[in-house]
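A.B. asks: Sending over a structure as structure tokens; questions will come in a sec.
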Amino acid sequence: MRAAVTEEAISIPAEWAPQRAIWTAWPADPEEWNGDLATPRCDVAAMVRALSPTNRVRLLVNGAEAEASARAALGDVAEIVPAKYGDIWLRDTGPIFARTGKGKVALRFRTNGWGGKFDLPDDATVGDDIARLAGTPTRRFDFVLEGGAIEHDGQFTILTTRQTLLNENRNGWTKQQAEAALGEAFGAKKIVWIDEGLINDHTDGHIDNLARFVGPSKVVCQSPAGADDPNAGTLDAITRTLETATDALGRKLEVIRVAGAGLVLNDMGGISPASHMNFVIANGVVVVPVYGTPTQDRALESLRRVFPDRKVIGVSSRALLGQGTSGGGSFHCITQQEPL
């Protein structure tokens, strides 16, 4: 399905479409990481190295210390870009790049700290800075939306969760109001609704931790890792929903299950929202978060079959998960692709 080709018609390229750059950010505020910047920086550096052979990686750095440490860790592997930001979750605070009849545009939305949980300086403005640095005009929408809350197939279908988009701590939308807003912003013709996300997900159930489009009418989601998987019921429910869903063209979704990460505890003994779904699809490569669990090799092998034309690389993301109020995400959460 294609929208009418007019100057104002919006389309969102699928993540697997050719990309001009990957935007990400360097951990810079020790208060956001329980005083420890070294361990999350290791994860970010490893992700950047995995992406860099086939991608232009533009790494935001906030302040002189962050810039010096990023240059020491990565040299010329990434393009270092000084900028202000609250924390590194650019999937949610950065722009969503779209196309119109006039060319590329950066879609900008309001942010409220993931429902008022994390109100950080410069999170509301970093998206404008990225758009300016990319040389892309902006289009603004007066509602709260995080990029990790929606998943696009490039053909006007969106996956999302009721737990995030219909949450009173965002816009207080009804389902009908949410669908109208997504239609206006993205030209969406079909919304596939999943109920809820993983335990202890700070984002209230972002879709990029649950299910991802990997091709036209094709999605991946997770299967329980074992009897102790704390999200087993949720993962099975997601699969049932997807198996009965159709896309904007009326095609039944092909659903591929990948082994989930299972029970991952942080150093405080809390359940972490670990997910292999938080992968980054980029030019020539897919970078998958792994956590040292027994299922990670099976998950990687499954994803290699899903992406036969890309190199699938597992990179440790335990430090990005963090503990308490720190961290909570992974590689897709800290990146935003800029399409060609």
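Labels for the structure tokens follow display order: chains A, B, ..., residues from 1 in each chain, ligands from 1.
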If we count only C-alpha atoms and set the cut-off at 8 Å, which residues sit around region 8-17 of chain A, ignoring sequence neighbours fewer than 3 positions away in its own chain? Please answer as a PyMOL selection string.

C.D. replies: chain A and resi 3-5+97-102+152-156+185-187+214-215+281-283+337+339

A.B. asks: Got a sec: who's within 6 Å of Ile207 (chain A), counting only C-alpha atoms, leaving out chain neighbours fewer than 3 positions off, as JSON, numbers by chain?

C.D. replies: {"A": [149, 160, 210, 211]}

A.B. asks: I need the strand (DSSP E) residues of region 10-249 of chain A per DSSP on the backbone, written as an MDAnalysis selection string.

C.D. replies: chainID A and resid 19:25 57:61 79:82 96:100 103:110 138:144 150:152 157:161 190:194 211:215 218:223

A.B. asks: For the structure I just gave you, how does DSSP split region 252-319 of chain A - specifically, which residues are helix (DSSP H, G or I)? Reply as a PyMOL selection string.

C.D. replies: chain A and resi 296-306+318-319

A.B. asks: Between A:Val105, A:Leu145, A:Ala225, A:Ala70, single out the one closest to Leu340 (chain A), counting only C-alpha atoms.

C.D. replies: A:Val105

A.B. asks: What's around Asp29 (chain A) at 9 Å? Count only C-alpha atoms, leave out sequence neighbours fewer than 4 positions away in its own chain, and write the answer as a ChimeraX atom specification.

C.D. replies: /A:33,35,37,62,66,86-87

A.B. asks: Find the residues near Lys190 (chain A): any atom within 8 Å, counting only C-alpha atoms, skip ones fewer than 2 places away on the same chain, and give them as a list in words.

C.D. replies: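 With the cut-off at 8 Å, the set is Phe156, Thr157, Ile158, Ala188, Val192, Asp247 and Ala248 of chain A.
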
A.B. asks: Put those residues in a file: N, CA and C atoms, as a PDB file, in the first residue's frame.

C.D. replies:
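selection_2.pdb was written with the following content:
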ATOM      1  N   PHE A 156       3.252   1.159   6.071  1.00  0.00           N
ATOM      2  CA  PHE A 156       2.124   1.784   6.762  1.00  0.00           C
ATOM      3  C   PHE A 156       1.447   0.909   7.813  1.00  0.00           C
ATOM      4  N   THR A 157       2.182  -0.113   8.304  1.00  0.00           N
ATOM      5  CA  THR A 157       1.719  -0.900   9.445  1.00  0.00           C
ATOM      6  C   THR A 157       2.588  -0.551  10.644  1.00  0.00           C
ATOM      7  N   ILE A 158       1.963  -0.431  11.805  1.00  0.00           N
ATOM      8  CA  ILE A 158       2.686  -0.125  13.039  1.00  0.00           C
ATOM      9  C   ILE A 158       2.329  -1.173  14.096  1.00  0.00           C
ATOM     10  N   ALA A 188      -0.008   5.952   9.029  1.00  0.00           N
ATOM     11  CA  ALA A 188      -0.308   4.556   9.379  1.00  0.00           C
ATOM     12  C   ALA A 188      -1.712   4.177   8.917  1.00  0.00           C
ATOM     13  N   VAL A 192      -1.286  -2.729  14.876  1.00  0.00           N
ATOM     14  CA  VAL A 192      -1.391  -4.024  15.551  1.00  0.00           C
ATOM     15  C   VAL A 192      -1.054  -3.795  17.014  1.00  0.00           C
ATOM     16  N   ASP A 247      -1.438  -7.158   8.186  1.00  0.00           N
ATOM     17  CA  ASP A 247      -0.811  -5.854   8.006  1.00  0.00           C
ATOM     18  C   ASP A 247      -1.709  -4.929   7.199  1.00  0.00           C
ATOM     19  N   ALA A 248      -1.165  -3.765   6.824  1.00  0.00           N
ATOM     20  CA  ALA A 248      -1.965  -2.759   6.122  1.00  0.00           C
ATOM     21  C   ALA A 248      -2.420  -3.227   4.743  1.00  0.00           C
TER      22      ALA A 248
END

A.B. asks: Have a look at A:Glu146, A:Asp43, A:Asp36, A:Asp229 and name the one nearest to Tyr291 (chain A); count only C-alpha atoms.

C.D. replies: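 Counting only C-alpha atoms, the residue closest to Tyr291 (chain A) is A:Asp43.
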
A.B. asks: Work out how far CA of Phe141 (chain A) is from CA of Asp123 (chain A), in Å to one decimal.

C.D. replies: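 Taking CA of Asp123 (chain A) as the start and CA of Phe141 (chain A) as the end point, the length is 16.1 Å.
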
A.B. asks: Env of Gly270 (chain A): 9 Å cut, atoms = only C-alpha atoms, seq-sep filter 6 positions within chain, self excluded. Answer as a ChimeraX atom specification.

C.D. replies: /A:200,264,323-324

A.B. asks: If you keep N, CA and C atoms, can you produce a file of those selected residues as a PDB file, in the first residue's frame?

C.D. replies:
ATOM      1  N   ASN A 200       9.364  -4.900  34.836  1.00  0.00           N
ATOM      2  CA  ASN A 200      10.349  -3.885  35.229  1.00  0.00           C
ATOM      3  C   ASN A 200      10.894  -3.081  34.057  1.00  0.00           C
ATOM      4  N   VAL A 264      16.986 -12.816  33.943  1.00  0.00           N
ATOM      5  CA  VAL A 264      18.252 -12.102  34.099  1.00  0.00           C
ATOM      6  C   VAL A 264      18.104 -11.181  35.296  1.00  0.00           C
ATOM      7  N   GLN A 323      20.614  -1.187  36.841  1.00  0.00           N
ATOM      8  CA  GLN A 323      19.869  -1.681  37.999  1.00  0.00           C
ATOM      9  C   GLN A 323      19.216  -0.505  38.702  1.00  0.00           C
ATOM     10  N   GLY A 324      18.174  -0.785  39.465  1.00  0.00           N
ATOM     11  CA  GLY A 324      17.438   0.304  40.104  1.00  0.00           C
ATOM     12  C   GLY A 324      16.835   1.208  39.046  1.00  0.00           C
TER      13      GLY A 324
END

A.B. asks: Find the residues around Trp193 (chain A) up to 7 Å (only C-alpha atoms counted), leave out those fewer than 2 positions away in its own chain, and share them as a ChimeraX atom specification.

C.D. replies: /A:159-162,191,195

A.B. asks: Given the selection you just returned, output its residues as a file containing C-alpha atoms, formatted as a PDB file, in the first residue's frame.

C.D. replies:
ATOM      1  CA  LEU A 159       3.166  -2.436  16.019  1.00  0.00           C
ATOM      2  CA  THR A 160       2.699  -0.928  19.477  1.00  0.00           C
ATOM      3  CA  THR A 161       1.482  -1.704  23.008  1.00  0.00           C
ATOM      4  CA  ARG A 162      -1.568  -0.558  24.892  1.00  0.00           C
ATOM      5  CA  ILE A 191      -2.095  -0.628  13.975  1.00  0.00           C
ATOM      6  CA  ASP A 195      -1.196  -5.653  25.447  1.00  0.00           C
TER       7      ASP A 195
END

A.B. asks: I need the residue nearest Arg49 (chain A) from this list: A:Val306, A:Leu165, A:Val287, A:Ala319. Use only C-alpha atoms for the distance.

C.D. replies: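 For Arg49 (chain A), the nearest of the candidates is A:Val287.
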
A.B. asks: Point out the residue among A:Lys252, A:Ile199, A:Arg212, A:Leu263 with the least atom-to-atom distance to Pro224 (chain A), counting only C-alpha atoms.

C.D. replies: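 Using only C-alpha atoms, the shortest distance to Pro224 (chain A) belongs to A:Leu263.
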
A.B. asks: Taking only C-alpha atoms into account, which of A:Arg41, A:Phe279, A:Ser217, A:Thr164 comes nearest Ala73 (chain A)?

C.D. replies: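 Between A:Arg41, A:Phe279, A:Ser217, A:Thr164, the residue approaching Ala73 (chain A) most closely is A:Arg41.
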
A.B. asks: What does the structure give for the distance between CA of Val77 (chain A) and CA of Ser52 (chain A), in Å to one decimal?

C.D. replies: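 According to the coordinates, CA of Val77 (chain A) and CA of Ser52 (chain A) are separated by 6.3 Å.
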
A.B. asks: For region 96-125 of chain A versus region 328-336 of chain A, which residues have an atom no more than 12 Å away, and what is each residue's nearest atom pair and distance in Å rounded to one decimal, using only C-alpha atoms, chain-then-number order, as JSON lines?

C.D. replies:
{"residue": "A:Ile96", "atom": "CA", "partner": "A:Gln336", "partner_atom": "CA", "distance": 7.5}
{"residue": "A:Phe97", "atom": "CA", "partner": "A:Gln336", "partner_atom": "CA", "distance": 8.7}
{"residue": "A:Ala106", "atom": "CA", "partner": "A:Gln336", "partner_atom": "CA", "distance": 11.4}
{"residue": "A:Trp114", "atom": "CA", "partner": "A:Gly328", "partner_atom": "CA", "distance": 12.0}
{"residue": "A:Phe118", "atom": "CA", "partner": "A:Gly328", "partner_atom": "CA", "distance": 11.8}

A.B. asks: Could you jot down the CA of Ala28 (chain A) to CA of Gly116 (chain A) separation for me, Å, one decimal place?

C.D. replies: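 Computing the Euclidean distance for CA of Ala28 (chain A) and CA of Gly116 (chain A) yields 21.2 Å.
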
A.B. asks: When distances are computed from only C-alpha atoms, which of A:Ala50, A:Asp76, A:Arg310, A:Ala25 shows the smallest separation from Gly63 (chain A)?

C.D. replies: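 Residue with the minimum atom-to-atom distance to Gly63 (chain A): A:Ala25.
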